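*Asks:* Following this line is structure_18.cif, made up of mmCIF, C-alpha atoms:
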data_input
#
loop_
_atom_site.label_atom_id
_atom_site.label_comp_id
_atom_site.auth_asym_id
_atom_site.auth_seq_id
_atom_site.Cartn_x
_atom_site.Cartn_y
_atom_site.Cartn_z
CA MET A 1 73.70 38.95 146.34
CA ILE A 2 74.96 38.20 149.82
CA ILE A 3 78.54 38.98 148.81
CA SER A 4 77.57 42.32 147.28
CA SER A 5 75.53 43.39 150.30
CA PHE A 6 78.41 42.33 152.56
CA PHE A 7 80.70 44.48 150.40
CA ASP A 8 78.30 47.41 150.74
CA ILE A 9 78.15 47.09 154.51
CA VAL A 10 81.95 46.95 154.80
CA LEU A 11 82.20 49.96 152.49
CA VAL A 12 79.73 51.99 154.54
CA VAL A 13 81.53 51.09 157.78
CA LEU A 14 84.86 52.13 156.21
CA ILE A 15 83.42 55.42 154.89
CA LEU A 16 81.91 56.29 158.26
CA GLY A 17 85.09 55.29 160.11
CA ILE A 18 87.38 57.31 157.84
CA GLY A 19 84.89 60.20 157.83
CA ALA A 20 84.87 60.21 161.63
CA SER A 21 88.65 60.18 161.75
CA THR A 22 88.86 63.26 159.49
CA ILE A 23 86.89 65.02 162.22
CA ALA A 24 88.57 63.38 165.22
CA ALA A 25 92.22 63.32 164.07
CA ARG A 26 94.48 65.48 166.24
CA GLU A 27 96.84 66.52 163.47
CA ALA A 28 95.45 68.50 160.53
CA PHE A 29 97.81 66.59 158.24
CA ALA A 30 96.38 63.23 159.31
CA ALA A 31 92.85 64.57 158.86
CA ILE A 32 93.62 65.58 155.27
CA ILE A 33 95.13 62.20 154.41
CA CYS A 34 91.95 60.63 155.83
CA PHE A 35 89.90 63.00 153.68
CA VAL A 36 91.66 61.88 150.47
CA VAL A 37 91.05 58.22 151.37
CA TYR A 38 87.47 59.12 152.21
CA GLY A 39 87.02 60.72 148.75
CA LEU A 40 88.23 57.56 147.03
CA LEU A 41 85.99 55.31 149.15
CA LEU A 42 83.06 57.59 148.42
CA ALA A 43 83.81 57.22 144.71
CA ILE A 44 83.39 53.44 145.11
CA ALA A 45 80.06 54.10 146.85
CA TRP A 46 78.97 56.15 143.83
CA VAL A 47 79.89 53.25 141.55
CA ARG A 48 77.73 51.00 143.72
CA LEU A 49 74.89 53.49 143.14
CA SER A 50 75.40 53.11 139.35
CA ALA A 51 76.58 56.69 139.05
CA ALA A 52 79.95 56.24 137.35
CA ASP A 53 80.08 59.87 136.15
CA VAL A 54 79.70 61.12 139.70
CA ALA A 55 82.24 58.56 140.92
CA LEU A 56 84.87 59.85 138.47
CA THR A 57 84.19 63.46 139.49
CA GLU A 58 84.29 62.63 143.20
CA ALA A 59 87.57 60.72 142.90
CA ALA A 60 89.21 63.40 140.76
CA ILE A 61 87.91 66.60 142.32
CA GLY A 62 86.44 65.65 145.70
CA GLY A 63 89.38 63.52 146.77
CA GLY A 64 92.32 64.46 144.57
CA MET A 65 92.15 68.19 143.88
CA THR A 66 90.63 69.19 147.24
CA GLY A 67 93.17 66.98 149.02
CA MET A 68 96.02 68.62 147.15
CA LEU A 69 94.75 72.13 148.01
CA MET A 70 94.42 71.17 151.67
CA LEU A 71 97.89 69.59 151.79
CA GLY A 72 99.35 72.79 150.31
CA ALA A 73 97.54 74.81 152.96
CA VAL A 74 98.57 72.60 155.88
CA ALA A 75 102.22 72.78 154.83
CA ARG A 76 102.06 76.55 155.25
CA LEU A 77 99.96 76.54 158.39
CA ARG A 78 102.34 74.14 160.11
CA SER A 79 104.94 76.84 160.59
CA ALA A 80 102.38 79.11 162.23
CA GLU A 81 101.62 78.74 165.90
CA GLY A 82 98.84 76.35 166.72
CA ASN A 83 95.45 77.06 168.07
CA ASP A 84 94.98 75.91 171.63
CA ILE A 85 91.30 76.68 171.99
CA ARG A 86 89.34 73.54 172.76
CA THR A 87 85.60 73.43 172.65
CA SER A 88 84.24 72.59 176.09
CA LEU A 89 82.64 69.23 176.76
CA PRO A 90 79.03 70.53 177.27
CA THR A 91 79.23 72.36 173.94
CA ARG A 92 80.49 69.21 172.26
CA LEU A 93 77.71 67.13 173.76
CA ALA A 94 75.05 69.66 172.76
CA ALA A 95 76.47 69.92 169.23
CA GLY A 96 76.65 66.15 168.99
CA ALA A 97 73.03 65.76 170.04
CA MET A 98 71.83 68.39 167.57
CA CYS A 99 73.83 66.89 164.71
CA ALA A 100 72.51 63.43 165.57
CA LEU A 101 69.00 64.87 165.33
CA ILE A 102 69.76 66.26 161.88
CA SER A 103 71.15 62.89 160.77
CA ALA A 104 68.05 61.20 162.15
CA GLY A 105 65.85 63.61 160.20
CA LEU A 106 67.71 62.87 156.96
CA ALA A 107 67.59 59.14 157.69
CA THR A 108 63.83 59.36 158.14
CA ALA A 109 63.55 61.02 154.76
CA ILE A 110 65.50 58.10 153.27
CA LEU A 111 63.55 55.39 155.07
CA VAL A 112 60.08 56.84 154.47
CA PRO A 113 59.96 57.58 150.74
CA PRO A 114 57.12 59.64 149.27
CA GLU A 115 54.18 57.87 147.61
CA VAL A 116 54.93 59.20 144.15
CA ILE A 117 58.62 59.47 143.39
CA PRO A 118 59.21 62.43 141.09
CA THR A 119 61.57 61.64 138.23
CA LEU A 120 62.50 63.16 134.92
CA ALA A 121 64.40 60.06 133.76
CA PRO A 122 61.76 58.83 131.25
CA MET A 123 61.64 62.26 129.58
CA VAL A 124 65.44 62.36 129.41
CA MET A 125 65.57 58.94 127.73
CA GLU A 126 62.73 59.75 125.31
CA ASN A 127 64.51 62.76 123.85
CA LEU A 128 68.13 61.69 124.22
CA ALA A 129 68.33 60.13 120.75
CA GLN A 130 67.72 63.54 119.14
CA SER A 131 70.93 64.91 120.65
CA GLY A 132 73.01 62.02 119.29
CA LEU A 133 74.51 61.41 122.73
CA GLY A 134 74.55 58.01 124.41
CA ASN A 135 75.33 59.08 127.97
CA PRO A 136 72.17 60.45 129.64
CA VAL A 137 74.23 62.40 132.20
CA ALA A 138 76.10 64.19 129.41
CA GLY A 139 72.73 64.79 127.80
CA VAL A 140 71.43 66.50 130.92
CA LEU A 141 74.64 68.49 131.35
CA PHE A 142 74.95 69.75 127.78
CA VAL A 143 71.43 69.69 126.38
CA TYR A 144 68.67 69.97 128.97
CA ARG A 145 70.53 71.94 131.60
CA ALA A 146 73.24 73.51 129.47
CA LEU A 147 72.71 76.83 131.24
CA ASP A 148 73.73 75.22 134.57
CA THR A 149 76.86 73.84 133.00
CA LEU A 150 77.73 77.20 131.42
CA LEU A 151 77.19 79.03 134.71
CA GLU A 152 79.25 76.45 136.56
CA LYS A 153 82.21 77.27 134.32
CA VAL A 154 81.62 80.91 135.14
CA VAL A 155 81.67 79.99 138.86
CA LEU A 156 85.08 78.34 138.39
CA ILE A 157 86.42 81.50 136.75
CA LEU A 158 84.84 83.72 139.42
CA ALA A 159 86.44 81.58 142.14
CA LEU A 160 89.78 81.95 140.37
CA LEU A 161 89.30 85.73 140.20
CA GLY A 162 88.48 85.67 143.91
CA VAL A 163 91.64 83.71 144.70
CA TRP A 164 93.77 86.00 142.53
CA SER A 165 92.32 89.14 144.09
CA LEU A 166 93.64 88.00 147.48
CA ALA A 167 97.18 88.61 146.21
CA PRO A 168 99.18 91.43 147.78
CA ASP A 169 99.10 94.52 145.57
CA GLY A 170 102.72 94.21 144.54
CA ALA A 171 102.30 90.65 143.30
CA TRP A 172 99.30 91.24 141.04
CA GLY A 173 99.86 89.66 137.65
CA GLY A 174 102.80 87.75 139.10
CA ILE A 175 103.63 84.10 139.68
CA PRO A 176 101.40 81.92 141.88
CA GLY A 177 102.97 80.66 145.09
CA LEU A 178 102.83 76.99 144.20
CA ARG A 179 105.42 74.99 146.13
CA VAL A 180 108.07 73.89 143.67
CA TYR A 181 110.65 71.29 144.57
CA THR A 182 113.81 72.87 143.27
CA GLN A 183 115.91 70.03 144.69
CA PRO A 184 115.92 67.51 141.88
CA SER A 185 114.15 64.58 143.44
CA ARG A 186 114.71 61.65 141.16
CA THR A 187 111.40 59.86 141.70
CA LEU A 188 109.37 63.04 141.29
CA THR A 189 111.23 64.07 138.13
CA PHE A 190 110.89 60.57 136.72
CA LEU A 191 107.14 60.49 137.37
CA ALA A 192 106.68 64.01 136.03
CA GLN A 193 108.32 62.88 132.81
CA LEU A 194 106.61 59.51 132.60
CA LEU A 195 103.01 60.30 133.54
CA PRO A 196 102.00 63.41 131.52
CA PRO A 197 101.91 61.72 128.06
CA VAL A 198 99.75 58.94 129.50
CA GLY A 199 97.64 61.43 131.44
CA ILE A 200 97.01 63.62 128.41
CA VAL A 201 95.88 60.64 126.35
CA VAL A 202 93.56 59.54 129.17
CA ALA A 203 92.19 63.09 129.45
CA VAL A 204 91.45 63.29 125.72
CA TYR A 205 89.87 59.84 125.85
CA MET A 206 87.73 60.83 128.86
CA CYS A 207 86.54 63.92 127.07
CA TRP A 208 85.79 62.08 123.82
CA VAL A 209 84.09 59.07 125.40
CA GLY A 210 82.00 61.34 127.67
CA ALA A 211 79.35 61.69 124.98
CA ASN A 212 78.42 58.01 125.15
CA GLU A 213 79.98 56.54 128.28
CA PRO A 214 80.79 57.89 131.73
CA GLY A 215 83.40 60.61 131.48
CA GLY A 216 83.39 64.11 130.11
CA ALA A 217 84.87 67.57 130.27
CA PHE A 218 85.26 67.84 134.07
CA GLN A 219 86.97 64.53 134.48
CA GLY A 220 89.25 65.10 131.48
CA GLY A 221 90.01 68.64 132.62
CA THR A 222 90.92 67.45 136.11
CA ILE A 223 93.41 64.94 134.71
CA LEU A 224 94.94 67.66 132.53
CA ALA A 225 95.22 69.92 135.57
CA ALA A 226 96.85 67.15 137.60
CA MET A 227 99.43 66.53 134.87
CA TRP A 228 100.19 70.23 134.56
CA LEU A 229 100.59 70.59 138.33
CA LEU A 230 102.88 67.55 138.45
CA VAL A 231 105.16 69.04 135.82
CA MET A 232 105.22 72.40 137.61
CA ILE A 233 105.80 70.94 141.09
CA ALA A 234 108.68 68.84 139.78
CA GLY A 235 110.22 72.05 138.46
CA LEU A 236 110.29 70.86 134.84
CA LYS A 237 108.17 73.85 133.73
CA ARG A 238 108.02 77.24 135.40
CA VAL A 239 104.75 78.30 137.00
CA PRO A 240 103.39 80.93 134.59
CA ALA A 241 102.62 84.48 135.70
CA ILE A 242 98.88 85.05 135.82
CA GLY A 243 99.18 88.12 133.62
CA GLN A 244 100.20 86.05 130.58
CA PRO A 245 97.75 86.61 127.69
CA TRP A 246 97.86 82.97 126.54
CA LEU A 247 96.89 81.82 130.01
CA ARG A 248 93.88 84.10 130.14
CA LEU A 249 92.89 83.07 126.62
CA LEU A 250 92.94 79.39 127.59
CA LEU A 251 90.87 80.18 130.69
CA VAL A 252 88.04 81.80 128.76
CA VAL A 253 88.11 79.82 125.50
CA GLY A 254 85.72 77.13 126.77
CA PRO A 255 83.02 79.39 128.23
CA VAL A 256 83.31 81.80 125.27
CA ILE A 257 82.79 79.04 122.68
CA PHE A 258 79.92 77.65 124.77
CA LEU A 259 78.34 81.09 124.97
CA ALA A 260 78.88 81.73 121.25
CA ILE A 261 77.16 78.45 120.34
CA GLY A 262 74.41 79.32 122.79
CA LEU A 263 73.87 82.70 121.18
CA ALA A 264 74.02 81.17 117.70
CA GLY A 265 71.26 78.83 118.86
CA MET A 266 69.00 81.85 119.34
CA VAL A 267 69.26 82.58 115.63
CA LEU A 268 69.52 79.05 114.21
CA ALA A 269 67.35 77.02 116.56
CA GLY A 270 65.11 79.58 118.18
CA ALA A 271 66.33 79.45 121.76
CA PHE A 272 69.40 80.31 123.83
CA LEU A 273 71.69 77.25 124.12
CA ALA A 274 69.52 75.26 121.69
CA TYR A 275 71.38 73.27 119.05
CA PRO A 276 70.27 73.18 115.39
CA SER A 277 68.85 69.71 114.72
CA GLY A 278 71.39 67.28 113.32
CA TYR A 279 74.35 69.33 114.56
CA ALA A 280 73.87 68.73 118.27
CA LYS A 281 76.58 66.14 118.76
CA PRO A 282 79.40 67.86 116.81
CA LEU A 283 78.64 71.12 118.60
CA ILE A 284 78.59 69.44 122.01
CA VAL A 285 81.87 67.66 121.36
CA THR A 286 83.44 70.97 120.28
CA VAL A 287 82.22 72.65 123.45
CA GLU A 288 83.44 69.73 125.56
CA PHE A 289 86.96 69.88 124.12
CA ALA A 290 87.23 73.63 124.61
CA LEU A 291 85.82 73.28 128.13
CA THR A 292 88.29 70.51 128.98
CA LEU A 293 91.16 72.88 128.22
CA SER A 294 89.62 75.74 130.19
CA ILE A 295 88.72 73.53 133.15
CA GLY A 296 92.22 72.07 133.20
CA VAL A 297 93.83 75.51 133.30
CA ALA A 298 91.30 76.88 135.82
CA LEU A 299 91.69 73.94 138.21
CA GLY A 300 95.47 74.04 137.92
CA LEU A 301 95.55 77.75 138.72
CA LEU A 302 93.05 77.36 141.58
CA ALA A 303 95.35 74.74 143.08
CA ALA A 304 98.40 76.95 142.49
CA GLY A 305 96.87 79.73 144.60
CA PRO A 306 97.15 83.52 144.47
CA PRO A 307 100.22 85.17 142.94
CA GLU A 308 102.96 85.78 145.50
CA GLN A 309 105.91 87.20 143.66
CA ALA A 310 105.98 89.89 141.02
CA GLN A 311 106.74 88.84 137.48
CA ARG A 312 110.42 89.11 136.69
CA GLN A 313 110.93 91.25 133.67
CA MET B 1 67.16 47.04 153.22
CA ASN B 2 68.66 47.49 149.77
CA ALA B 3 72.03 49.00 148.88
CA ALA B 4 70.63 52.43 148.02
CA THR B 5 68.95 52.79 151.41
CA LEU B 6 72.17 51.71 153.13
CA PHE B 7 74.18 54.39 151.33
CA GLY B 8 71.42 56.90 152.01
CA LEU B 9 71.73 56.28 155.74
CA CYS B 10 75.50 56.55 155.37
CA GLY B 11 75.02 59.96 153.70
CA ALA B 12 72.71 61.08 156.52
CA ALA B 13 75.29 60.06 159.13
CA LEU B 14 78.07 61.82 157.20
CA ALA B 15 76.07 65.03 157.03
CA GLY B 16 75.64 64.98 160.81
CA LEU B 17 79.30 64.12 161.33
CA GLY B 18 80.45 66.95 159.08
CA LEU B 19 78.16 69.42 160.83
CA TYR B 20 79.53 68.32 164.21
CA GLY B 21 83.09 68.87 163.02
CA LEU B 22 82.15 72.26 161.59
CA VAL B 23 80.62 73.39 164.89
CA THR B 24 83.12 71.99 167.37
CA ASN B 25 86.50 72.25 165.66
CA PRO B 26 88.07 75.67 166.19
CA GLU B 27 90.70 75.50 163.44
CA PRO B 28 89.52 77.10 160.17
CA LEU B 29 91.23 74.48 157.98
CA ARG B 30 89.47 71.70 159.88
CA LYS B 31 86.21 73.59 159.52
CA ILE B 32 86.69 73.70 155.74
CA LEU B 33 87.42 69.96 155.79
CA ALA B 34 84.32 69.27 157.90
CA PHE B 35 82.24 71.39 155.56
CA ASN B 36 83.39 69.24 152.65
CA LEU B 37 82.39 66.15 154.61
CA LEU B 38 78.97 67.67 155.26
CA GLY B 39 78.61 68.52 151.58
CA SER B 40 79.54 65.05 150.37
CA GLY B 41 77.04 63.52 152.80
CA VAL B 42 74.30 65.70 151.36
CA PHE B 43 75.35 64.74 147.81
CA LEU B 44 75.15 61.09 148.78
CA VAL B 45 71.62 61.51 150.16
CA PHE B 46 70.66 63.31 146.96
CA GLY B 47 72.25 60.59 144.83
CA VAL B 48 70.32 57.90 146.68
CA VAL B 49 67.10 59.72 145.93
CA ALA B 50 68.26 59.61 142.29
CA ARG B 51 68.82 55.86 142.54
CA ARG B 52 65.36 55.34 143.98
CA ALA B 53 63.76 57.16 141.09
CA ALA B 54 65.57 54.91 138.61
CA ALA B 55 63.30 54.23 135.69
CA SER B 56 63.50 53.60 131.96
CA GLY B 57 65.95 50.78 132.53
CA LEU B 58 68.62 53.14 133.86
CA GLY B 59 70.87 52.58 136.84
CA GLY B 60 69.92 55.95 138.20
CA ASP B 61 68.05 59.12 137.36
CA PRO B 62 70.50 61.17 135.26
CA VAL B 63 69.12 64.57 136.30
CA PRO B 64 70.21 64.45 139.96
CA GLN B 65 73.49 62.84 138.89
CA ALA B 66 74.28 65.78 136.63
CA MET B 67 73.35 68.15 139.45
CA VAL B 68 75.68 66.35 141.87
CA ILE B 69 78.54 66.62 139.36
CA THR B 70 77.94 70.36 139.08
CA ALA B 71 77.71 70.58 142.87
CA ILE B 72 81.05 68.80 143.39
CA VAL B 73 82.79 71.23 141.04
CA VAL B 74 81.19 74.26 142.70
CA ALA B 75 82.12 72.89 146.15
CA PHE B 76 85.71 72.58 144.97
CA ALA B 77 85.69 76.20 143.75
CA ALA B 78 84.32 77.37 147.11
CA THR B 79 86.94 75.31 148.98
CA ALA B 80 89.75 76.79 146.90
CA MET B 81 88.42 80.27 147.68
CA ALA B 82 88.13 79.50 151.41
CA ILE B 83 91.68 78.15 151.58
CA ALA B 84 93.02 81.19 149.75
CA LEU B 85 91.23 83.42 152.30
CA LEU B 86 92.70 81.39 155.16
CA LEU B 87 96.25 81.62 153.81
CA ARG B 88 95.84 85.35 153.28
CA LEU B 89 94.65 85.66 156.87
CA LEU B 90 97.78 83.86 157.98
CA GLN B 91 99.92 86.17 155.84
CA GLU B 92 98.30 89.30 157.28
CA THR B 93 98.01 88.39 160.95
CA GLY B 94 100.52 85.59 161.41
CA ARG B 95 97.91 83.31 162.97
CA PRO B 96 95.53 80.92 161.26
CA THR B 97 92.68 81.68 163.65
CA LEU B 98 89.54 83.69 163.24
CA ASP B 99 89.69 85.65 166.51
CA ALA B 100 93.04 87.22 165.72
CA ASP B 101 91.60 90.72 165.48
CA ASN B 102 90.06 90.46 168.92
CA PRO B 103 93.07 89.89 171.20
CA ALA B 104 91.44 91.72 174.15
CA GLY B 105 88.71 89.14 174.52
CA THR B 106 91.07 86.22 174.43
CA ASP B 107 90.95 83.64 177.18
CA ARG B 108 93.46 81.18 175.84
CA GLY B 109 96.63 80.47 177.75
CA ASN B 110 100.05 81.73 176.79
CA SER B 111 100.22 80.14 173.40
#
What's the structure tokens form of this structure?
*Replies:*
Amino acid sequence: MIISSFFDIVLVVLILGIGASTIAAREAFAAIICFVVYGLLLAIAWVRLSAADVALTEAAIGGGMTGMLMLGAVARLRSAEGNDIRTSLPTRLAAGAMCALISAGLATAILVPPEVIPTLAPMVMENLAQSGLGNPVAGVLFVYRALDTLLEKVVLILALLGVWSLAPDGAWGGIPGLRVYTQPSRTLTFLAQLLPPVGIVVAVYMCWVGANEPGGAFQGGTILAAMWLLVMIAGLKRVPAIGQPWLRLLLVVGPVIFLAIGLAGMVLAGAFLAYPSGYAKPLIVTVEFALTLSIGVALGLLAAGPPEQAQRQ
Amino acid sequence: MNAATLFGLCGAALAGLGLYGLVTNPEPLRKILAFNLLGSGVFLVFGVVARRAAASGLGGDPVPQAMVITAIVVAFAATAMAIALLLRLLQETGRPTLDADNPAGTDRGNS
């Protein structure tokens, strides 16, 4: 008990320290490295809160993918001239005081809990057996709040459309400007050959086990995206042009299957996104596998950025 | 004080820290970073509320957990969009700053 609370205190001190250094670091590059470490520490905090699903998502997306995006951005910004504007000391002090007030308000909300704590957990557990799933978080994501999950996939695709539409006119439908290391770096090439088979197996496992244990389509999709990006960055596979039909098909296959099953539910089970009784688990696993593919491709393309060069014919 | 409360206070502090970075740091990339910090602090506060409502023999309330997972993915999508906007700004104007289209009102030194 004492050891675990000591661990928690050290963890919180580390998180706050690293979090503060992402804000205080002089160099943007250092701040981003701090942010990646911060994401991983935060994932441990989520494990301590018994939220392993959230921990996996935070480590994969919050730390890993966001960190990679930021590192790509800082590499390009470095060549540009810096920004010498400094916020004046009175402004900093005022902002600091206001932010401290907001933190204090949130802390009060934590320390003074309401009399009756609202929770839907008993209802979730009561009805979970009907869906055939063992992981209550997956149950919430794919059964009770399936509409949220569907719309979230749509958000990913909308974000990708937004990123693509920032391309210069001439490059539309072309190849994303992902930084590729054309110089054959031995370690990178070796890792890009060694890791993907392992990563793909882990991704499939994550997706499959997500029905009963922590894991699921997001986490599996993120690992797929990471493997794909690794292979592209190492120059083993060309970055595909965004106009490729197979690419667009992979992007929409998950949401389309999800939507089709949802619409079929209107006929077979009487409500949009309802599953016919007895078929819930096979349908959910089908949706999860299709979504894993789509999420992997969408995340990979989001990280690759807008197209920058026209497709070579 | 139990572990959940400790992490809740940590989340509250992170939210304030992120907001401070968002307000005071002039570089857009650092603002995006600070915004992510602010967001993760809010998620942590939300997750602690989930932990507190733990019932039915669960470690935590699964409903807020599922919402935090969705939120992390949506935050990533928004970050990707913001970074793409920033890089496009750099491509168009040659500077990664937001006041590039207002050079008359500039009071910075010869940078």
*Asks:* Which residue is closest to Gly220 in chain A? Choose from A:Ala109, A:Ile295, A:Leu250, A:Val13 and count all atoms listed in the file.
*Replies:*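 Closest to Gly220 in chain A of all the choices is A:Ile295.
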*Asks:* Find the residues around Pro96 in chain B up to 7 Å (all atoms listed in the file counted), leave out those fewer than 4 positions away in its own chain, and share them as number ranges by chain.
*Replies:* A: 77; B: 86, 89-90
*Asks:* For Gly8 in chain B, work out the shell of residues within 7 Å, counting all atoms listed in the file and skipping chain neighbours fewer than 4 positions away, then give it as an MDAnalysis selection string.
*Replies:* (chainID A and resid 110) or (chainID B and resid 4 12 44:45 48)
*Asks:* Quick one: distance from CA of Ala280 in chain A to CA of Gly60 in chain B in Å, one decimal?
*Replies:*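 Atom-to-atom, CA of Ala280 in chain A and CA of Gly60 in chain B are spaced 24.0 Å apart.
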*Asks:* Got a sec to pull out which chain A residues are within 7 Å of chain B, counting only C-alpha atoms, and send them as a count of residues only?
*Replies:* 54
*Asks:* Quick check, in Å to one decimal: how far apart do CA of Tyr275 in chain A and CA of Pro214 in chain A lie?
*Replies:*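 Computing the Euclidean distance for CA of Tyr275 in chain A and CA of Pro214 in chain A yields 22.0 Å.
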